[in-house]
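Visitor: What follows is target.cif, made up of mmCIF, C-alpha atoms:
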data_coords
loop_
_atom_site.label_atom_id
_atom_site.label_comp_id
_atom_site.auth_asym_id
_atom_site.auth_seq_id
_atom_site.Cartn_x
_atom_site.Cartn_y
_atom_site.Cartn_z
CA MET A 287 125.27 174.11 43.35
CA SER A 288 126.84 174.70 46.76
CA ASN A 289 125.92 173.14 50.07
CA TYR A 290 124.76 176.53 51.36
CA PHE A 291 121.10 177.29 52.09
CA GLN A 292 119.07 177.39 48.88
CA PRO A 293 115.58 178.67 48.02
CA LEU A 294 112.92 176.08 47.37
CA ASP A 295 113.00 174.76 43.82
CA SER A 296 109.88 176.05 42.03
CA GLY A 297 109.97 172.92 39.87
CA ILE A 298 109.32 170.88 42.99
CA VAL A 299 107.28 173.22 45.20
CA PRO A 300 105.21 175.79 43.22
CA ARG A 301 105.87 179.45 44.00
CA PHE A 302 102.40 179.89 45.49
CA ALA A 303 103.04 177.09 48.02
CA GLY A 304 105.39 176.52 50.90
CA PRO A 305 106.43 178.77 53.79
CA SER A 306 106.36 182.53 53.21
CA THR A 307 110.05 183.27 53.79
CA PHE A 308 112.26 185.69 51.88
CA MET A 309 112.85 184.16 48.43
CA ARG A 310 111.53 180.90 49.94
CA LEU A 311 114.77 180.38 51.84
CA PRO A 312 115.03 178.08 54.84
CA THR A 313 114.82 179.64 58.28
CA ALA A 314 117.91 179.68 60.48
CA SER A 315 119.48 181.43 63.45
CA PRO A 316 122.08 184.19 62.95
CA ASP A 317 124.94 181.95 64.11
CA GLN A 318 124.27 179.67 61.13
CA VAL A 319 124.58 182.32 58.41
CA ASP A 320 126.82 184.94 56.85
CA ILE A 321 123.89 187.17 55.88
CA ALA A 322 120.74 187.24 58.01
CA VAL A 323 117.54 188.40 56.31
CA VAL A 324 115.39 189.95 59.03
CA GLY A 325 111.99 191.63 59.10
CA VAL A 326 111.43 194.70 61.26
CA PRO A 327 107.62 195.14 61.28
CA PHE A 328 107.43 198.50 63.02
CA ASP A 329 105.96 201.80 61.86
CA GLY A 330 105.58 203.61 65.18
CA GLY A 331 107.74 206.42 63.83
CA THR A 332 105.40 207.24 60.95
CA THR A 333 104.21 210.85 60.91
CA ASN A 334 101.34 210.55 58.42
CA ARG A 335 100.41 207.51 56.32
CA PRO A 336 101.03 204.26 58.23
CA GLY A 337 101.22 200.65 57.04
CA ALA A 338 104.96 199.90 56.78
CA ARG A 339 104.61 197.46 59.70
CA HIS A 340 103.06 195.13 57.11
CA GLY A 341 106.02 195.54 54.76
CA PRO A 342 108.14 192.53 55.79
CA ARG A 343 105.31 190.03 55.38
CA GLU A 344 104.24 191.28 51.94
CA VAL A 345 107.81 191.69 50.68
CA ARG A 346 108.41 188.07 51.63
CA ASN A 347 105.23 187.06 49.83
CA GLN A 348 106.19 188.90 46.63
CA SER A 349 109.78 187.66 46.82
CA SER A 350 108.56 184.24 45.68
CA LEU A 351 108.67 185.74 42.17
CA VAL A 352 112.41 186.50 42.42
CA ARG A 353 114.69 183.78 41.07
CA ARG A 354 118.04 182.72 42.46
CA VAL A 355 120.54 183.70 39.71
CA HIS A 356 121.39 187.30 38.80
CA HIS A 357 120.84 187.75 35.08
CA VAL A 358 123.80 190.16 34.62
CA THR A 359 126.52 188.38 36.60
CA GLY A 360 125.20 184.86 36.10
CA LYS A 361 125.89 184.20 39.78
CA SER A 362 123.68 183.14 42.64
CA PRO A 363 124.31 184.83 46.00
CA PHE A 364 123.22 181.60 47.65
CA ASP A 365 126.31 179.86 46.27
CA LEU A 366 128.60 182.61 47.62
CA ALA A 367 127.39 182.95 51.20
CA ARG A 368 125.24 181.25 53.81
CA ILE A 369 121.97 183.16 53.63
CA ALA A 370 118.70 182.40 55.40
CA ASP A 371 115.57 184.06 56.71
CA CYS A 372 116.12 184.74 60.40
CA GLY A 373 112.56 185.85 61.09
CA ASP A 374 111.17 189.09 62.48
CA VAL A 375 112.06 191.28 65.41
CA SER A 376 109.14 190.99 67.82
CA VAL A 377 108.36 194.62 68.65
CA SER A 378 105.66 196.30 70.66
CA PRO A 379 103.37 198.44 68.49
CA PHE A 380 102.58 200.62 71.53
CA ASP A 381 105.95 201.45 73.07
CA LEU A 382 108.20 203.42 70.70
CA ASN A 383 111.29 203.62 72.92
CA GLY A 384 110.84 200.03 74.04
CA ALA A 385 110.63 198.95 70.39
CA LEU A 386 113.86 200.78 69.59
CA ASP A 387 115.60 198.94 72.43
CA THR A 388 114.24 195.59 71.26
CA ILE A 389 115.40 196.17 67.68
CA ALA A 390 118.87 197.27 68.81
CA ALA A 391 119.25 194.18 70.99
CA PHE A 392 118.17 191.88 68.15
CA PHE A 393 120.74 193.31 65.76
CA ALA A 394 123.44 193.28 68.43
CA ASP A 395 122.85 189.53 68.66
CA ILE A 396 123.25 189.26 64.87
CA ARG A 397 126.54 191.12 65.10
CA ARG A 398 127.81 188.92 67.93
CA ALA A 399 126.91 185.85 65.87
CA GLY A 400 129.23 187.11 63.13
CA ALA A 401 126.49 187.68 60.55
CA ARG A 402 125.60 190.77 58.53
CA PRO A 403 121.94 191.82 58.40
CA LEU A 404 119.75 192.54 55.41
CA ALA A 405 116.68 194.11 56.99
CA ILE A 406 113.16 194.57 55.66
CA GLY A 407 111.30 197.49 57.25
CA GLY A 408 109.26 198.96 58.71
CA ASP A 409 109.45 202.76 58.58
CA HIS A 410 112.80 204.52 58.33
CA LEU A 411 113.14 205.01 62.07
CA VAL A 412 114.10 201.32 62.33
CA THR A 413 117.50 202.13 60.81
CA LEU A 414 118.50 203.98 63.99
CA PRO A 415 118.24 201.00 66.37
CA ILE A 416 119.74 198.71 63.72
CA LEU A 417 122.82 200.96 63.69
CA ARG A 418 122.85 200.99 67.50
CA GLY A 419 123.04 197.22 67.50
CA LEU A 420 125.60 196.88 64.73
CA THR A 421 128.47 199.11 65.61
CA ASP A 422 130.71 200.59 68.25
CA ARG A 423 132.41 202.84 65.71
CA PRO A 424 131.02 205.32 63.17
CA LEU A 425 130.01 203.69 59.88
CA GLY A 426 129.79 205.24 56.46
CA LEU A 427 126.36 205.46 54.85
CA ILE A 428 125.01 205.27 51.32
CA HIS A 429 121.41 206.42 51.61
CA PHE A 430 118.83 206.31 48.79
CA ASP A 431 115.78 208.41 49.60
CA ALA A 432 113.51 211.29 48.61
CA HIS A 433 114.12 212.82 52.05
CA SER A 434 117.21 213.60 54.09
CA ASP A 435 115.70 212.27 57.34
CA THR A 436 117.97 214.57 59.33
CA TYR A 437 115.15 216.63 60.85
CA ASP A 438 115.10 217.28 64.57
CA GLU A 439 111.63 216.50 65.89
CA PHE A 440 107.94 216.25 65.09
CA PHE A 441 105.32 217.32 67.65
CA GLY A 442 108.13 217.43 70.18
CA ASN A 443 109.21 213.83 69.51
CA ARG A 444 112.85 213.34 68.50
CA TYR A 445 112.30 209.77 67.28
CA ASN A 446 110.33 209.40 64.07
CA HIS A 447 110.99 208.35 60.50
CA GLY A 448 112.19 211.85 59.59
CA THR A 449 114.96 211.94 62.21
CA PRO A 450 117.00 208.68 62.22
CA PHE A 451 120.17 209.97 60.58
CA ARG A 452 120.38 213.12 62.69
CA ARG A 453 120.10 210.98 65.82
CA ALA A 454 122.63 208.47 64.44
CA ILE A 455 125.19 211.23 63.84
CA GLU A 456 124.57 212.69 67.31
CA GLU A 457 125.07 209.24 68.85
CA GLY A 458 128.32 208.64 66.97
CA LEU A 459 126.89 205.76 64.92
CA LEU A 460 127.62 207.38 61.55
CA ASP A 461 130.50 209.46 60.23
CA PRO A 462 128.79 212.34 58.38
CA LYS A 463 131.94 212.89 56.28
CA ARG A 464 131.42 209.37 54.93
CA MET A 465 127.72 209.82 54.17
CA ILE A 466 125.99 210.41 50.85
CA GLN A 467 122.25 210.81 50.28
CA ILE A 468 120.99 210.17 46.74
CA GLY A 469 117.68 211.11 45.12
CA ILE A 470 116.61 213.85 47.55
CA ARG A 471 113.72 215.97 46.30
CA GLY A 472 110.27 217.38 47.03
CA SER A 473 108.81 220.44 48.68
CA ILE A 474 110.06 221.20 52.17
CA SER A 475 108.56 222.71 55.27
CA SER A 476 111.15 225.47 55.59
CA ALA A 477 114.30 226.75 53.88
CA ASP A 478 116.52 225.38 56.67
CA ASN A 479 115.48 221.74 56.23
CA TYR A 480 118.93 220.72 55.03
CA ASP A 481 121.00 222.98 57.29
CA PHE A 482 121.96 220.25 59.74
CA ALA A 483 122.98 217.81 57.01
CA ARG A 484 125.06 220.38 55.19
CA ALA A 485 126.72 221.65 58.36
CA ALA A 486 127.58 218.08 59.38
CA GLY A 487 129.27 217.47 56.03
CA ILE A 488 126.81 215.03 54.47
CA ARG A 489 126.98 214.92 50.67
CA ILE A 490 123.45 215.47 49.34
CA VAL A 491 122.75 214.55 45.71
CA PHE A 492 119.40 216.01 44.73
CA ILE A 493 117.46 214.24 42.03
CA GLU A 494 118.25 216.97 39.50
CA GLU A 495 122.00 216.39 39.89
CA LEU A 496 121.54 212.63 39.62
CA MET A 497 119.61 212.99 36.39
CA ASP A 498 122.11 215.49 34.95
CA ARG A 499 125.25 213.53 35.86
CA GLY A 500 123.94 209.99 35.53
CA VAL A 501 124.07 206.94 37.75
CA ASP A 502 127.65 205.89 36.97
CA SER A 503 129.15 209.24 37.91
CA VAL A 504 127.19 209.59 41.14
CA MET A 505 127.92 206.05 42.28
CA ALA A 506 131.63 206.49 41.58
CA GLU A 507 131.51 209.49 43.89
CA ALA A 508 129.56 207.49 46.49
CA ARG A 509 132.22 204.79 46.50
CA SER A 510 134.97 207.39 46.91
CA ILE A 511 133.14 209.01 49.85
CA VAL A 512 132.67 205.83 51.87
CA GLY A 513 136.02 204.37 50.84
CA GLU A 514 137.14 200.94 51.99
CA ALA A 515 135.89 201.16 55.58
CA ALA A 516 132.68 199.60 56.86
CA THR A 517 129.53 201.13 55.38
CA TYR A 518 125.79 200.75 55.87
CA VAL A 519 123.32 200.95 52.98
CA SER A 520 119.77 202.19 53.50
CA PHE A 521 117.20 202.24 50.70
CA ASP A 522 113.90 204.01 51.29
CA ILE A 523 111.43 202.80 48.66
CA ASP A 524 110.22 206.40 48.23
CA ALA A 525 113.54 207.13 46.49
CA LEU A 526 111.69 205.64 43.52
CA ASP A 527 109.17 207.64 41.59
CA PRO A 528 105.72 206.72 42.93
CA SER A 529 104.68 205.58 39.45
CA PHE A 530 106.94 202.58 40.21
CA ALA A 531 106.29 202.30 43.95
CA PRO A 532 103.04 203.98 45.09
CA GLY A 533 102.77 201.95 48.29
CA THR A 534 104.80 204.15 50.59
CA GLY A 535 104.06 206.66 53.30
CA THR A 536 105.61 209.80 51.81
CA PRO A 537 105.62 209.60 48.00
CA GLU A 538 107.41 212.29 45.99
CA ILE A 539 107.03 212.54 42.21
CA GLY A 540 110.01 213.01 39.91
CA GLY A 541 112.05 210.17 41.37
CA ILE A 542 114.41 207.38 40.44
CA THR A 543 113.35 204.63 38.04
CA THR A 544 113.55 200.99 39.03
CA TYR A 545 116.30 200.39 36.46
CA GLN A 546 118.37 203.27 37.83
CA ALA A 547 117.92 201.83 41.32
CA GLN A 548 119.15 198.43 40.17
CA LYS A 549 122.21 199.97 38.51
CA MET A 550 123.06 201.97 41.62
CA ILE A 551 122.83 198.96 43.91
CA ARG A 552 124.95 196.89 41.53
CA ALA A 553 127.61 199.59 41.79
CA LEU A 554 127.95 198.75 45.51
CA ALA A 555 129.58 195.39 44.78
CA GLY A 556 132.92 194.98 46.54
CA LEU A 557 132.28 197.56 49.26
CA ASP A 558 132.60 196.60 52.91
CA ILE A 559 128.86 196.53 53.62
CA ALA A 560 128.28 195.98 57.33
CA GLY A 561 124.52 195.75 56.81
CA ALA A 562 121.69 197.07 54.71
CA ASP A 563 117.98 197.71 54.80
CA LEU A 564 115.03 198.48 52.56
CA VAL A 565 112.25 200.40 54.28
CA GLU A 566 108.91 202.20 53.97
CA VAL A 567 107.02 199.63 51.87
CA SER A 568 103.39 200.07 52.94
CA PRO A 569 101.27 197.27 51.41
CA PRO A 570 97.88 198.78 52.37
CA LEU A 571 98.70 201.73 50.10
CA ASP A 572 99.32 199.49 47.08
CA PRO A 573 96.90 196.54 46.89
CA SER A 574 98.50 195.47 43.58
CA GLY A 575 101.60 194.28 45.44
CA MET A 576 103.91 195.98 42.92
CA THR A 577 105.67 198.13 45.55
CA ALA A 578 106.43 195.05 47.64
CA LEU A 579 107.64 193.16 44.57
CA THR A 580 109.90 196.08 43.70
CA GLY A 581 111.22 196.07 47.26
CA ALA A 582 111.87 192.33 47.12
CA THR A 583 113.75 192.66 43.84
CA LEU A 584 115.92 195.49 45.17
CA LEU A 585 116.65 193.41 48.27
CA PHE A 586 117.86 190.65 45.95
CA GLU A 587 120.16 193.20 44.31
CA LEU A 588 121.47 194.18 47.76
CA LEU A 589 121.97 190.53 48.61
CA CYS A 590 124.04 190.05 45.45
CA ALA A 591 126.16 193.10 46.34
CA MET A 592 126.79 191.75 49.86
CA ALA A 593 127.36 188.07 49.08
CA GLY A 594 130.88 186.82 48.53
CA VAL A 595 132.53 189.93 50.01
#
Could you spell out this file's structure in structure tokens?
Guide:
Amino acid sequence: MSNYFQPLDSGIVPRFAGPSTFMRLPTASPDQVDIAVVGVPFDGGTTNRPGARHGPREVRNQSSLVRRVHHVTGKSPFDLARIADCGDVSVSPFDLNGALDTIAAFFADIRRAGARPLAIGGDHLVTLPILRGLTDRPLGLIHFDAHSDTYDEFFGNRYNHGTPFRRAIEEGLLDPKRMIQIGIRGSISSADNYDFARAAGIRIVFIEELMDRGVDSVMAEARSIVGEAATYVSFDIDALDPSFAPGTGTPEIGGITTYQAQKMIRALAGLDIAGADLVEVSPPLDPSGMTALTGATLLFELLCAMAGV
């Protein structure tokens, strides 16, 4: 075992005891780590069913069930990189624009410290300020979701969880030619819902194409699109079929299975991942905790893809 930060040993401290940190890791500041696990408890961009502000706390709670070694690779990410829980961004639940500024500043500090973030949302709007804080050049994006999130506004507001990637392209944070969205599906409000994304050059893989082609083929294409340059990964839990993850604000049936999600994230290994997030877990909508456990497990998969690179 390395001298890096390690989760608490469940043979010494039972899983139901000890601090509620991600995977029971120690806490640290960003300048002490290679990968900073950070909660972003904000859902001020939610348009309908709220609750994702409670996501980071419950994902941390459920992550006590996730063990340290990946069963496929036989490796522990905690032996490959310095990883710790760097706490939550302290955001105002009343001031949307102020919250975006606070989140961006927090992640800019992580970048200056030389760490890469693994963020726990929060609704999908939080990805926009994370990107603002992370980069001064356009990143690539691999985006797992039921929705494109490239809409323009809702009730006259340009900042909500349906608009982050349109705003990010407009602000020069993402290169749309190096973007792929996987798992898109569901009824839409109008026939032009995807016009902006298509015109910008984003590659959209609807769920039907994913199921027809298979995970391996689609992820090979995703890797070719983003190439070797820096890339961000964003996983909305509603990419999954709601039979696996009902606790989310905008569920869409006919989605990805948990096993397919794991395979797709594993296919990210070796990419230059500048940061990643998992968003839209809403614990009040799933009292069983299964959605949060699923989110925690997929975050572990992301951690394994990021560690050692």
Visitor: How many Å separate atom CA of A:Arg353 from atom CA of A:Ala555?
Guide: 19.2 Å
Visitor: So which residues touch A:Asp320 within 10 Å, counting all atoms listed in the file, skipping near sequence neighbours fewer than 3 positions away, as a list in words?
Guide: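 The filter keeps Pro316, Asp317, Val323, Leu366, Ala367, Arg368, Ile369, Ala370, Ile396, Ala399, Gly400, Ala401, Arg402, Pro403, Met592, Ala593 and Gly594 of chain A.
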Visitor: Expanded to explicit residues, what is the PyMOL selection byres ((chain A and resi 377-389) around 10) for this file, as a count of residues only?
Guide: 26
Visitor: If we count all atoms listed in the file, what is near stretch 450-462 of chain A at a cut-off of 10 Å, once residues fewer than 2 positions away on the same chain are taken out, given as a VMD selection string?
Guide: chain A and resid 331 410 to 415 417 to 427 429 434 to 439 444 to 448 464 to 466 482 to 489 512 517 to 518
Visitor: Tell me which protein, DNA and RNA residues are within 7 Å of stretch 301-313 of chain A, counting only C-alpha atoms, leaving out same-chain ones fewer than 2 positions away, and put them as a count of residues only.
Guide: 14
Visitor: Keeping C-alpha atoms (and nothing else), can you write stretch 334-435 of chain A of this structure as a CSV table (one decimal), in the first residue's frame?
Guide:
chain,number,residue,atom,x,y,z
A,334,ASN,CA,-39.0,21.5,-12.0
A,335,ARG,CA,-38.2,18.8,-9.4
A,336,PRO,CA,-35.6,20.1,-6.9
A,337,GLY,CA,-33.4,18.3,-4.4
A,338,ALA,CA,-30.0,17.9,-6.1
A,339,ARG,CA,-28.5,20.3,-3.5
A,340,HIS,CA,-28.7,17.3,-1.1
A,341,GLY,CA,-26.8,15.1,-3.6
A,342,PRO,CA,-23.2,15.6,-2.3
A,343,ARG,CA,-24.1,14.7,1.3
A,344,GLU,CA,-26.0,11.5,0.4
A,345,VAL,CA,-23.6,10.4,-2.3
A,346,ARG,CA,-20.8,10.6,0.4
A,347,ASN,CA,-23.0,8.6,2.8
A,348,GLN,CA,-23.6,5.9,0.3
A,349,SER,CA,-20.0,5.8,-0.9
A,350,SER,CA,-19.1,4.1,2.4
A,351,LEU,CA,-20.3,0.9,0.6
A,352,VAL,CA,-17.7,1.3,-2.2
A,353,ARG,CA,-14.4,-0.5,-1.7
A,354,ARG,CA,-10.9,0.7,-2.6
A,355,VAL,CA,-9.8,-1.8,-5.3
A,356,HIS,CA,-11.3,-2.0,-8.8
A,357,HIS,CA,-12.4,-5.6,-9.4
A,358,VAL,CA,-11.5,-5.5,-13.1
A,359,THR,CA,-8.1,-3.9,-13.0
A,360,GLY,CA,-7.1,-5.1,-9.6
A,361,LYS,CA,-5.8,-1.6,-8.9
A,362,SER,CA,-6.7,1.0,-6.3
A,363,PRO,CA,-6.8,4.6,-7.5
A,364,PHE,CA,-5.6,5.6,-4.0
A,365,ASP,CA,-2.2,4.0,-4.7
A,366,LEU,CA,-1.9,5.8,-8.0
A,367,ALA,CA,-2.7,9.4,-7.0
A,368,ARG,CA,-3.1,11.6,-4.0
A,369,ILE,CA,-6.9,11.8,-3.5
A,370,ALA,CA,-8.9,13.4,-0.7
A,371,ASP,CA,-12.2,14.9,0.1
A,372,CYS,CA,-11.8,18.7,-0.2
A,373,GLY,CA,-15.2,19.5,1.1
A,374,ASP,CA,-18.1,21.5,-0.4
A,375,VAL,CA,-18.3,24.8,-2.2
A,376,SER,CA,-20.3,27.1,0.2
A,377,VAL,CA,-22.9,28.6,-2.1
A,378,SER,CA,-25.9,30.9,-1.5
A,379,PRO,CA,-29.2,29.1,-2.1
A,380,PHE,CA,-30.8,32.5,-2.9
A,381,ASP,CA,-28.4,34.2,-5.3
A,382,LEU,CA,-28.0,32.3,-8.6
A,383,ASN,CA,-25.4,34.5,-10.2
A,384,GLY,CA,-23.5,34.9,-7.0
A,385,ALA,CA,-23.5,31.1,-6.6
A,386,LEU,CA,-22.0,30.7,-10.1
A,387,ASP,CA,-19.2,33.2,-9.2
A,388,THR,CA,-18.5,31.4,-5.9
A,389,ILE,CA,-18.3,28.0,-7.6
A,390,ALA,CA,-16.0,29.3,-10.4
A,391,ALA,CA,-13.7,30.9,-7.9
A,392,PHE,CA,-13.5,27.7,-5.9
A,393,PHE,CA,-12.5,25.6,-8.9
A,394,ALA,CA,-10.1,28.2,-10.1
A,395,ASP,CA,-8.3,27.7,-6.7
A,396,ILE,CA,-8.2,24.0,-7.3
A,397,ARG,CA,-6.7,24.6,-10.7
A,398,ARG,CA,-4.0,27.0,-9.3
A,399,ALA,CA,-3.2,24.4,-6.7
A,400,GLY,CA,-2.4,21.9,-9.5
A,401,ALA,CA,-5.2,19.5,-8.7
A,402,ARG,CA,-7.9,18.1,-10.9
A,403,PRO,CA,-11.5,18.1,-9.6
A,404,LEU,CA,-14.0,15.3,-9.3
A,405,ALA,CA,-17.2,17.1,-8.5
A,406,ILE,CA,-20.4,15.9,-6.9
A,407,GLY,CA,-23.5,18.0,-7.9
A,408,GLY,CA,-25.8,19.7,-7.6
A,409,ASP,CA,-27.9,20.2,-10.7
A,410,HIS,CA,-26.3,20.4,-14.1
A,411,LEU,CA,-25.9,24.1,-14.1
A,412,VAL,CA,-22.9,23.7,-11.8
A,413,THR,CA,-20.8,22.4,-14.7
A,414,LEU,CA,-20.8,25.9,-16.2
A,415,PRO,CA,-19.0,27.6,-13.4
A,416,ILE,CA,-16.7,24.6,-12.9
A,417,LEU,CA,-15.6,25.0,-16.5
A,418,ARG,CA,-15.2,28.8,-15.9
A,419,GLY,CA,-12.8,28.1,-13.1
A,420,LEU,CA,-10.8,25.3,-14.8
A,421,THR,CA,-9.8,26.6,-18.1
A,422,ASP,CA,-8.5,29.5,-20.2
A,423,ARG,CA,-8.8,27.5,-23.4
A,424,PRO,CA,-11.6,25.4,-24.9
A,425,LEU,CA,-11.8,21.9,-23.5
A,426,GLY,CA,-13.3,18.8,-25.1
A,427,LEU,CA,-16.3,17.2,-23.5
A,428,ILE,CA,-17.7,13.7,-23.1
A,429,HIS,CA,-21.2,14.2,-21.8
A,430,PHE,CA,-23.5,11.4,-20.6
A,431,ASP,CA,-27.1,12.6,-20.3
A,432,ALA,CA,-30.7,12.1,-21.4
A,433,HIS,CA,-30.8,15.8,-22.4
A,434,SER,CA,-28.5,18.0,-24.6
A,435,ASP,CA,-28.6,20.9,-22.1
